[in-house]
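Asks: Below is the file run14.pdb, which contains PDB, C-alpha atoms and all ligand atoms.
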```
ATOM      1  CA  MET A  70      14.698 -21.872  -4.845
ATOM      2  CA  SER A  71      16.377 -18.917  -3.199
ATOM      3  CA  ARG A  72      16.300 -15.498  -4.809
ATOM      4  CA  GLU A  73      17.929 -12.208  -4.151
ATOM      5  CA  PRO A  74      15.055 -10.161  -2.753
ATOM      6  CA  LYS A  75      14.506  -7.176  -5.019
ATOM      7  CA  ASP A  76      12.036  -4.385  -4.602
ATOM      8  CA  LEU A  77       8.555  -5.746  -4.444
ATOM      9  CA  HIS A  78       7.073  -3.487  -6.973
ATOM     10  CA  ASP A  79       6.899  -5.693  -9.999
ATOM     11  CA  PHE A  80       3.237  -6.337  -9.637
ATOM     12  CA  GLU A  81       3.098  -7.236 -13.350
ATOM     13  CA  ASP A  82       2.177 -10.862 -12.741
ATOM     14  CA  VAL A  83      -0.506 -10.265 -10.131
ATOM     15  CA  ALA A  84      -2.156  -6.954 -11.068
ATOM     16  CA  GLU A  85      -5.103  -8.618 -12.793
ATOM     17  CA  ASN A  86      -5.764 -10.838  -9.771
ATOM     18  CA  TYR A  87      -4.959  -8.336  -7.034
ATOM     19  CA  ASP A  88      -8.560  -7.334  -6.233
ATOM     20  CA  LEU A  89      -9.664 -10.970  -6.216
ATOM     21  CA  TYR A  90      -7.181 -12.196  -3.640
ATOM     22  CA  LEU A  91      -7.147  -9.030  -1.564
ATOM     23  CA  ASP A  92     -10.894  -9.397  -1.020
ATOM     24  CA  VAL A  93     -10.238 -12.800   0.538
ATOM     25  CA  MET A  94      -7.194 -11.619   2.469
ATOM     26  CA  TYR A  95      -8.920  -8.692   4.120
ATOM     27  CA  LYS A  96     -12.297 -10.363   4.730
ATOM     28  CA  ASN A  97     -11.346 -11.501   8.221
ATOM     29  CA  GLU A  98      -8.863  -8.820   9.204
ATOM     30  CA  ASP A  99     -10.056  -6.986  12.288
ATOM     31  CA  ASN A 100      -7.961  -3.913  11.474
ATOM     32  CA  HIS A 101      -9.563  -3.366   8.063
ATOM     33  CA  ALA A 102     -13.065  -2.250   9.030
ATOM     34  CA  GLY A 103     -14.048   1.144   7.631
ATOM     35  CA  PHE A 104     -11.163   1.183   5.125
ATOM     36  CA  LEU A 105     -12.882   2.905   2.192
ATOM     37  CA  ASP A 106     -15.028   5.268   4.193
ATOM     38  CA  PHE A 107     -11.994   6.486   6.096
ATOM     39  CA  TYR A 108     -10.479   7.696   2.816
ATOM     40  CA  LEU A 109     -13.769   9.080   1.548
ATOM     41  CA  ASP A 110     -14.178  11.150   4.726
ATOM     42  CA  PHE A 111     -10.556  12.279   4.514
ATOM     43  CA  ALA A 112     -10.962  13.347   0.872
ATOM     44  CA  LYS A 113     -14.239  15.136   1.631
ATOM     45  CA  GLU A 114     -12.669  16.994   4.523
ATOM     46  CA  TYR A 115      -9.396  18.001   2.862
ATOM     47  CA  GLY A 116      -9.736  17.471  -0.877
ATOM     48  CA  GLN A 117     -11.394  20.715  -2.025
ATOM     49  CA  GLU A 118      -8.351  21.620  -4.111
ATOM     50  CA  GLY A 119      -7.699  18.166  -5.486
ATOM     51  CA  VAL A 120      -6.997  14.630  -4.340
ATOM     52  CA  ILE A 121      -4.295  12.198  -5.384
ATOM     53  CA  ASP A 122      -4.250   8.457  -4.628
ATOM     54  CA  ILE A 123      -0.539   7.568  -4.456
ATOM     55  CA  ALA A 124       0.572   3.920  -4.827
ATOM     56  CA  CYS A 125      -3.009   3.434  -5.967
ATOM     57  CA  GLY A 126      -2.605  -0.238  -6.879
ATOM     58  CA  THR A 127      -5.733  -1.301  -8.726
ATOM     59  CA  GLY A 128      -7.424   1.966  -7.818
ATOM     60  CA  VAL A 129      -9.709   0.642  -5.100
ATOM     61  CA  VAL A 130      -9.641   3.967  -3.239
ATOM     62  CA  ALA A 131      -9.702   6.224  -6.325
ATOM     63  CA  LEU A 132     -12.676   4.293  -7.750
ATOM     64  CA  TYR A 133     -14.572   4.469  -4.467
ATOM     65  CA  LEU A 134     -13.989   8.226  -4.324
ATOM     66  CA  ALA A 135     -15.194   8.566  -7.939
ATOM     67  CA  GLU A 136     -18.357   6.623  -7.114
ATOM     68  CA  HIS A 137     -18.957   9.225  -4.409
ATOM     69  CA  GLY A 138     -18.354  12.223  -6.647
ATOM     70  CA  ILE A 139     -14.667  12.925  -5.942
ATOM     71  CA  ILE A 140     -12.486  12.664  -9.039
ATOM     72  CA  ALA A 141      -8.941  11.972  -7.839
ATOM     73  CA  ASP A 142      -5.724  11.540  -9.793
ATOM     74  CA  ALA A 143      -4.102   8.164  -9.267
ATOM     75  CA  THR A 144      -0.503   7.042  -9.586
ATOM     76  CA  ASP A 145       1.497   3.882  -8.963
ATOM     77  CA  LEU A 146       5.011   2.678  -9.651
ATOM     78  CA  SER A 147       3.658  -0.369 -11.457
ATOM     79  CA  GLU A 148       2.414   0.208 -14.996
ATOM     80  CA  ALA A 149       0.334  -2.955 -14.717
ATOM     81  CA  MET A 150      -1.440  -1.609 -11.650
ATOM     82  CA  CYS A 151      -2.056   1.723 -13.412
ATOM     83  CA  ARG A 152      -3.461  -0.143 -16.401
ATOM     84  CA  VAL A 153      -5.924  -2.055 -14.208
ATOM     85  CA  THR A 154      -6.963   1.185 -12.453
ATOM     86  CA  ALA A 155      -7.484   2.959 -15.786
ATOM     87  CA  GLU A 156      -9.519   0.042 -17.186
ATOM     88  CA  LYS A 157     -11.734  -0.039 -14.099
ATOM     89  CA  ALA A 158     -12.233   3.732 -14.282
ATOM     90  CA  LYS A 159     -13.180   3.523 -17.957
ATOM     91  CA  ALA A 160     -15.591   0.673 -17.299
ATOM     92  CA  GLY A 161     -17.197   2.725 -14.530
ATOM     93  CA  GLY A 162     -17.485   5.777 -16.796
ATOM     94  CA  TYR A 163     -14.997   7.876 -14.816
ATOM     95  CA  ASN A 164     -12.388  10.010 -16.509
ATOM     96  CA  LEU A 165      -9.471   9.600 -14.095
ATOM     97  CA  ASN A 166      -5.943  10.833 -14.664
ATOM     98  CA  VAL A 167      -3.898   7.691 -13.924
ATOM     99  CA  PHE A 168      -0.137   7.823 -14.388
ATOM    100  CA  PRO A 169       2.760   5.510 -13.543
ATOM    101  CA  ALA A 170       5.321   7.137 -11.246
ATOM    102  CA  ASN A 171       7.551   6.583  -8.275
ATOM    103  CA  MET A 172       6.225   8.451  -5.251
ATOM    104  CA  THR A 173       9.768   9.628  -4.551
ATOM    105  CA  GLU A 174       9.832  11.718  -7.710
ATOM    106  CA  PHE A 175       6.443  12.138  -9.416
ATOM    107  CA  ARG A 176       5.461  15.579 -10.687
ATOM    108  CA  SER A 177       1.958  16.524 -11.609
ATOM    109  CA  ASP A 178       0.815  19.562 -13.572
ATOM    110  CA  ARG A 179      -1.252  20.592 -10.547
ATOM    111  CA  LYS A 180      -1.089  20.623  -6.751
ATOM    112  CA  TYR A 181      -3.378  18.742  -4.393
ATOM    113  CA  SER A 182      -4.847  19.632  -1.026
ATOM    114  CA  CYS A 183      -5.168  15.937  -0.161
ATOM    115  CA  ALA A 184      -2.809  13.017  -0.771
ATOM    116  CA  ILE A 185      -3.629   9.435   0.169
ATOM    117  CA  ILE A 186      -1.267   6.466   0.386
ATOM    118  CA  ALA A 187      -3.592   3.611   1.313
ATOM    119  CA  ARG A 188      -2.947   0.139   2.632
ATOM    120  CA  SER A 189       0.758   0.045   3.394
ATOM    121  CA  GLY A 190       2.018   1.689   0.195
ATOM    122  CA  PHE A 191       4.422   3.747   2.304
ATOM    123  CA  MET A 192       5.972   0.619   3.830
ATOM    124  CA  HIS A 193       7.258  -0.348   0.396
ATOM    125  CA  LEU A 194       9.836   2.409   0.759
ATOM    126  CA  THR A 195      12.594   0.288   2.213
ATOM    127  CA  THR A 196      15.137   2.846   3.425
ATOM    128  CA  PRO A 197      14.860   6.062   5.458
ATOM    129  CA  GLU A 198      16.352   7.858   2.437
ATOM    130  CA  LEU A 199      13.498   6.689   0.195
ATOM    131  CA  GLN A 200      10.913   7.520   2.852
ATOM    132  CA  ARG A 201      12.388  10.989   3.177
ATOM    133  CA  ALA A 202      12.511  11.471  -0.613
ATOM    134  CA  ALA A 203       8.840  10.446  -0.906
ATOM    135  CA  LEU A 204       7.680  12.705   1.932
ATOM    136  CA  ILE A 205       9.576  15.677   0.508
ATOM    137  CA  ASN A 206       8.329  15.013  -3.011
ATOM    138  CA  ILE A 207       4.712  14.600  -1.925
ATOM    139  CA  ARG A 208       5.022  17.841   0.056
ATOM    140  CA  GLU A 209       6.122  19.591  -3.165
ATOM    141  CA  ASN A 210       2.918  18.376  -4.806
ATOM    142  CA  LEU A 211       0.664  19.596  -1.963
ATOM    143  CA  THR A 212      -0.951  23.001  -1.665
ATOM    144  CA  ASP A 213      -0.009  25.054   1.403
ATOM    145  CA  GLY A 214      -1.583  23.355   4.399
ATOM    146  CA  GLY A 215      -2.370  20.294   2.259
ATOM    147  CA  MET A 216      -2.933  16.973   4.032
ATOM    148  CA  LEU A 217      -1.349  13.556   3.579
ATOM    149  CA  THR A 218      -2.440  10.255   5.078
ATOM    150  CA  PHE A 219      -0.510   6.982   5.035
ATOM    151  CA  ASN A 220      -0.249   3.981   7.276
ATOM    152  CA  THR A 221       2.350   1.816   8.993
ATOM    153  CA  PHE A 222       2.187  -0.682  11.838
ATOM    154  CA  ASP A 223       3.936  -0.646  15.180
ATOM    155  CA  PRO A 224       6.875  -3.059  15.003
ATOM    156  CA  ASN A 225       6.172  -6.069  17.213
ATOM    157  CA  PRO A 226       9.225  -7.716  18.830
ATOM    158  CA  PHE A 227       7.434 -11.064  19.104
ATOM    159  CA  PHE A 228       6.838 -11.290  15.326
ATOM    160  CA  GLN A 229      10.261  -9.840  14.578
ATOM    161  CA  ALA A 230      11.868 -12.639  16.610
ATOM    162  CA  GLN A 231       9.802 -15.255  14.765
ATOM    163  CA  GLN A 232      10.693 -13.774  11.393
ATOM    164  CA  MET A 233      14.392 -13.608  12.276
ATOM    165  CA  ASN A 234      14.210 -17.399  12.563
ATOM    166  CA  THR A 235      12.374 -17.814   9.243
ATOM    167  CA  LYS A 236      14.062 -18.280   5.881
ATOM    168  CA  ASP A 237      12.584 -16.611   2.811
ATOM    169  CA  THR A 238      11.535 -20.057   1.573
ATOM    170  CA  ASP A 239       9.767 -21.192   4.801
ATOM    171  CA  TYR A 240       6.304 -20.734   3.352
ATOM    172  CA  SER A 241       3.078 -20.484   5.356
ATOM    173  CA  PHE A 242      -0.298 -20.873   3.669
ATOM    174  CA  ARG A 243      -2.210 -17.567   3.534
ATOM    175  CA  LEU A 244      -5.311 -18.115   1.445
ATOM    176  CA  GLU A 245      -7.007 -19.727  -1.511
ATOM    177  CA  TYR A 246      -8.994 -17.772  -4.114
ATOM    178  CA  THR A 247     -10.233 -18.114  -7.686
ATOM    179  CA  ASN A 248      -8.144 -16.213 -10.232
ATOM    180  CA  LYS A 249      -9.323 -14.203 -13.252
ATOM    181  CA  GLN A 250      -9.187 -17.305 -15.461
ATOM    182  CA  GLY A 251     -11.469 -19.126 -13.010
ATOM    183  CA  ARG A 252      -8.617 -21.273 -11.664
ATOM    184  CA  ARG A 253      -8.071 -22.057  -7.985
ATOM    185  CA  GLU A 254      -4.894 -20.496  -6.644
ATOM    186  CA  LYS A 255      -3.205 -20.999  -3.299
ATOM    187  CA  ILE A 256      -1.067 -18.200  -1.871
ATOM    188  CA  TYR A 257       1.766 -18.700   0.607
ATOM    189  CA  ASN A 258       4.290 -16.305   2.067
ATOM    190  CA  ALA A 259       7.640 -16.518   3.804
ATOM    191  CA  ILE A 260       8.814 -13.466   5.706
ATOM    192  CA  SER A 261      12.190 -12.843   7.311
ATOM    193  CA  TYR A 262      13.256  -9.741   9.207
ATOM    194  CA  ASP A 263      16.541  -7.848   9.227
ATOM    195  CA  PRO A 264      16.782  -5.832  12.465
ATOM    196  CA  THR A 265      19.653  -3.721  11.151
ATOM    197  CA  THR A 266      17.582  -2.263   8.320
ATOM    198  CA  GLN A 267      14.112  -2.892   9.839
ATOM    199  CA  VAL A 268      13.202  -4.537   6.544
ATOM    200  CA  MET A 269      10.873  -7.509   6.274
ATOM    201  CA  PHE A 270      11.879  -9.517   3.255
ATOM    202  CA  GLY A 271      10.817 -12.767   1.706
ATOM    203  CA  ASN A 272       8.514 -14.060  -0.968
ATOM    204  CA  TRP A 273       4.918 -14.560  -1.905
ATOM    205  CA  LYS A 274       4.265 -17.845  -3.707
ATOM    206  CA  PHE A 275       1.253 -18.329  -5.982
ATOM    207  CA  GLU A 276       0.278 -21.875  -6.969
ATOM    208  CA  THR A 277      -2.287 -22.408  -9.727
ATOM    209  CA  LEU A 278      -4.213 -25.676  -9.397
ATOM    210  CA  ASP A 279      -5.999 -27.875 -11.930
ATOM    211  CA  ASP A 280      -9.400 -29.446 -11.292
ATOM    212  CA  ALA A 281      -7.765 -32.377  -9.503
ATOM    213  CA  GLY A 282      -5.850 -30.021  -7.192
ATOM    214  CA  ASN A 283      -2.440 -30.562  -8.809
ATOM    215  CA  VAL A 284      -0.134 -27.554  -9.090
ATOM    216  CA  THR A 285       0.133 -26.513 -12.746
ATOM    217  CA  GLU A 286       2.065 -23.283 -12.309
ATOM    218  CA  GLU A 287       4.058 -21.558  -9.578
ATOM    219  CA  ARG A 288       4.965 -17.887  -9.383
ATOM    220  CA  ILE A 289       7.219 -16.285  -6.806
ATOM    221  CA  ARG A 290       7.007 -12.599  -6.087
ATOM    222  CA  PRO A 291       9.540 -10.900  -3.798
ATOM    223  CA  LEU A 292       8.383  -8.974  -0.773
ATOM    224  CA  ARG A 293      10.216  -6.092   0.870
ATOM    225  CA  MET A 294       8.659  -3.736   3.396
ATOM    226  CA  ARG A 295      10.207  -1.522   6.021
ATOM    227  CA  GLN A 296       8.949  -1.291   9.581
ATOM    228  CA  THR A 297       9.126   2.174  11.111
ATOM    229  CA  TYR A 298       8.975   3.029  14.798
ATOM    230  CA  ARG A 299       6.640   5.820  15.841
ATOM    231  CA  GLN A 300       9.323   8.036  17.322
ATOM    232  CA  GLU A 301      11.376   7.627  14.172
ATOM    233  CA  MET A 302       8.411   8.619  12.020
ATOM    234  CA  LYS A 303       7.664  11.668  14.148
ATOM    235  CA  TYR A 304      11.173  13.018  13.565
ATOM    236  CA  LEU A 305      11.130  12.085   9.896
ATOM    237  CA  LEU A 306       7.885  14.000   9.429
ATOM    238  CA  GLU A 307       9.293  17.017  11.226
ATOM    239  CA  LEU A 308      12.443  16.853   9.079
ATOM    240  CA  CYS A 309      10.323  16.754   5.922
ATOM    241  CA  GLY A 310       8.157  19.734   6.845
ATOM    242  CA  TYR A 311       4.946  18.184   8.162
ATOM    243  CA  GLU A 312       3.014  18.584  11.381
ATOM    244  CA  ILE A 313       1.101  15.632  12.779
ATOM    245  CA  VAL A 314      -2.648  16.255  12.960
ATOM    246  CA  ASN A 315      -3.864  12.791  14.012
ATOM    247  CA  ILE A 316      -2.478   9.321  14.601
ATOM    248  CA  TYR A 317      -5.192   6.658  14.600
ATOM    249  CA  ASN A 318      -5.223   2.982  15.426
ATOM    250  CA  GLY A 319      -7.259   1.642  12.507
ATOM    251  CA  TYR A 320      -9.725   3.124  10.064
ATOM    252  CA  THR A 321     -12.397   3.618  12.715
ATOM    253  CA  LYS A 322     -10.209   6.392  14.134
ATOM    254  CA  VAL A 323      -9.464   4.995  17.571
ATOM    255  CA  PRO A 324      -6.688   7.187  19.056
ATOM    256  CA  ALA A 325      -3.393   5.317  18.668
ATOM    257  CA  ASP A 326      -2.376   5.410  22.324
ATOM    258  CA  THR A 327      -1.551   1.687  22.456
ATOM    259  CA  VAL A 328       0.492  -0.577  20.165
ATOM    260  CA  ALA A 329      -1.352  -0.654  16.846
ATOM    261  CA  LYS A 330      -1.482  -3.051  13.898
ATOM    262  CA  ASN A 331      -2.621  -0.259  11.621
ATOM    263  CA  VAL A 332      -1.201   3.143  12.497
ATOM    264  CA  ILE A 333      -2.812   5.813  10.354
ATOM    265  CA  TRP A 334      -0.858   9.036  10.093
ATOM    266  CA  CYS A 335      -2.704  12.226   9.104
ATOM    267  CA  VAL A 336      -0.182  15.018   8.563
ATOM    268  CA  ARG A 337      -0.237  18.567   7.268
ATOM    269  CA  LYS A 338       2.269  20.413   5.110
ATOM    270  CA  LYS A 339       3.803  23.149   7.255
TER
HETATM  271  C1  LIG B   1      -0.123  -2.937  -0.898
HETATM  272  S1  LIG B   1      -0.362  -2.154  -2.465
HETATM  273  C2  LIG B   1      -1.667  -1.024  -2.055
HETATM  274  C3  LIG B   1      -2.418  -0.574  -3.261
HETATM  275  C4  LIG B   1      -3.611   0.342  -3.009
HETATM  276  N1  LIG B   1      -3.219   1.573  -2.336
HETATM  277  C5  LIG B   1      -4.714  -0.375  -2.260
HETATM  278  O1  LIG B   1      -5.081   0.084  -1.178
HETATM  279  O2  LIG B   1      -5.211  -1.368  -2.769
HETATM  280  C6  LIG B   1       1.051  -1.185  -2.621
HETATM  281  C7  LIG B   1       1.220  -0.487  -3.948
HETATM  282  O3  LIG B   1       2.317   0.396  -3.812
HETATM  283  C8  LIG B   1       2.945   0.509  -5.063
HETATM  284  N2  LIG B   1       4.269   1.068  -4.828
HETATM  285  C9  LIG B   1       5.273   0.486  -4.168
HETATM  286  N3  LIG B   1       6.326   1.310  -4.135
HETATM  287  C10 LIG B   1       5.982   2.441  -4.769
HETATM  288  C11 LIG B   1       6.654   3.664  -5.070
HETATM  289  N4  LIG B   1       7.903   3.863  -4.697
HETATM  290  N5  LIG B   1       5.976   4.614  -5.729
HETATM  291  C12 LIG B   1       4.695   4.429  -6.128
HETATM  292  N6  LIG B   1       4.021   3.274  -5.887
HETATM  293  C13 LIG B   1       4.655   2.297  -5.215
HETATM  294  C14 LIG B   1       2.922  -0.913  -5.592
HETATM  295  O4  LIG B   1       3.134  -0.972  -6.982
HETATM  296  C15 LIG B   1       1.539  -1.372  -5.154
HETATM  297  O5  LIG B   1       0.580  -1.180  -6.151
END
```
What's the structure tokens form of this structure?
Ligand SMILES: C[S@@+](CC[C@H](N)C(=O)[O-])C[C@H]1O[C@@H](n2cnc3c(N)ncnc32)[C@H](O)[C@@H]1O
Replies:
Amino acid sequence: MSREPKDLHDFEDVAENYDLYLDVMYKNEDNHAGFLDFYLDFAKEYGQEGVIDIACGTGVVALYLAEHGIIADATDLSEAMCRVTAEKAKAGGYNLNVFPANMTEFRSDRKYSCAIIARSGFMHLTTPELQRAALINIRENLTDGGMLTFNTFDPNPFFQAQQMNTKDTDYSFRLEYTNKQGRREKIYNAISYDPTTQVMFGNWKFETLDDAGNVTEERIRPLRMRQTYRQEMKYLLELCGYEIVNIYNGYTKVPADTVAKNVIWCVRKK
């Protein structure tokens, strides 16, 4: 089945399972070590006048901050994701302000000295115009000198070439996990790459299995993420009124002086 790839952000069908399969996905990823503590340290260092977790998903970062005494606002384009975040906060006894919004245009009734876009949220902005709109809008919501962190990865020509030869239905198995209903699910993805737009596009496929291993349900979720080159990002940040404070390769803060799978940008509102 081929589908017109639309923006990825209808997480409606996976929000309730997101934490369950992400745990499996990231378990063996070498570039994921120190993920939560990176954001906790960042919020402690810069969040005195308020923290916001943008594209918060299921609130993994916001909840971790709350557990460590930092009450952040949280926002996501997907209402389903916001609902899961709010439910988790309530269950944990935290009174978090969680609101659905597009990062290109959200407005809060306060400003923040620290904004976090964790785990590739920024890459879901699939054009330079949207990236620029988000950076300008976030800047509007920051206090003077406020800090923003987000991550990208360095485009890799080897993978780009592979993906340019992949159709959005050429699925590869990614992982198996147990969903919220206690059912086994297998996840596959197919990723193509368009070098003219720098957009990776394709699909995630979720198969639910019965006890005998037969597929009882299949869900397809479109994927669209934009790759951004470092030099491009440096000029975009300058254009949007930020200065670069640090660029790390991974959450353990290795300086990003070689090609990096997880480029972490820490930038300040000028
Ligand atoms: C890969 S998830 C990361 C979620 C979370 N930050 C985490 O670390 O688990 C990306 C999230 O970005 C959200 N998102 C995508 N585009 C967005 C936009 N334009 N504005 C706000 N949120 C967006 C999606 O709904 C999704 O929840």
Asks: At a cut-off of 7 Å around ligand LIG 1 (chain B), and using only C-alpha atoms and all ligand atoms, what residues come up? Please write them as a PyMOL selection string.
Replies: chain A and resi 78-80+123-130+144-147+150+170-173+186-190+193-194
Asks: Specify as a list in words each residue included when the PyMOL selection byres (((chain A and resi 310) around 12) and not hetatm) is applied to this file.
Replies: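 Selected by the PyMOL selection byres (((chain A and resi 310) around 12) and not hetatm) here: Arg201, Ala202, Leu204, Ile205, Asn206, Ile207, Arg208, Glu209, Leu211, Asp213, Gly214, Gly215, Met216, Leu217, Lys303, Tyr304, Leu305, Leu306, Glu307, Leu308, Cys309, Tyr311, Glu312, Ile313, Val336, Arg337, Lys338 and Lys339 of chain A.
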Asks: Could you please determine the separation between atom CA of A:Arg243 and atom CA of A:Ala259 in Å, to one decimal place?
Replies: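 Interatomic distance here is 9.9 Å.
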Asks: Evaluate the PyMOL selection byres (((chain A and resi 241) around 7) and not hetatm) and record the selected residues as a list of chain:residue names, following the chain and residue labels used in the document.
Replies: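 Matching residues under the PyMOL selection byres (((chain A and resi 241) around 7) and not hetatm) are A:Asp239, A:Tyr240, A:Phe242, A:Arg243, A:Tyr257, A:Asn258, A:Ala259.
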Asks: Keeping only C-alpha atoms, write those residues as a PDB file, in the frame of the given file.
Replies:
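Output file again-v5.pdb follows:
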```pdb
ATOM      1  CA  ASP A 239       9.767 -21.192   4.801  1.00  0.00           C
ATOM      2  CA  TYR A 240       6.304 -20.734   3.352  1.00  0.00           C
ATOM      3  CA  PHE A 242      -0.298 -20.873   3.669  1.00  0.00           C
ATOM      4  CA  ARG A 243      -2.210 -17.567   3.534  1.00  0.00           C
ATOM      5  CA  TYR A 257       1.766 -18.700   0.607  1.00  0.00           C
ATOM      6  CA  ASN A 258       4.290 -16.305   2.067  1.00  0.00           C
ATOM      7  CA  ALA A 259       7.640 -16.518   3.804  1.00  0.00           C
TER       8      ALA A 259
END
```
Asks: Calculated over only C-alpha atoms, which of the candidates A:Asp279, A:Asp223, A:Glu286, A:Glu245 has the smallest distance to A:Lys330?
Replies: A:Asp223
Asks: Determine the nearest neighbour of A:Tyr115 from the options A:Ala160, A:Val284, A:Leu165, A:Ala184, counting all atoms listed in the file.
Replies: A:Ala184
Asks: Point out the residue among A:Ala135, A:Leu278, A:Val93, A:Ile185 with the least atom-to-atom distance to A:Asp122, counting all atoms listed in the file.
Replies: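 Closest to A:Asp122, using all atoms listed in the file: A:Ile185.
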Asks: Considering all atoms listed in the file, return as a list in words whatever protein or nucleic-acid residues lie within 12 Å of stretch 264-267 of chain A, sequence-local ones (same chain, fewer than 3 positions apart) excluded.
Replies: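 Answer for this query is Met192, His193, Leu194, Thr195, Thr196, Pro197, Glu198, Asp223, Pro224, Asn225, Pro226, Phe228, Gln229, Ala230, Gln231, Gln232, Met233, Asn234, Ser261, Phe270, Arg293, Met294, Arg295, Gln296, Thr297, Tyr298 and Glu301 of chain A.
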Asks: To one decimal in Å, tell me the separation between atom CA of A:Arg179 and atom CA of A:Glu156.
Replies: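 Pair atom CA of A:Arg179 / atom CA of A:Glu156 returns 23.1 Å.
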Asks: Quick check on the file I pasted: which residues fall under the PyMOL selection byres (((chain A and resi 182) around 6) and not hetatm)? Write them as a list in words.
Replies: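 Written out, the selection comes to Gly116, Glu118, Gly119, Tyr181, Cys183, Leu211, Thr212 and Gly215 of chain A.
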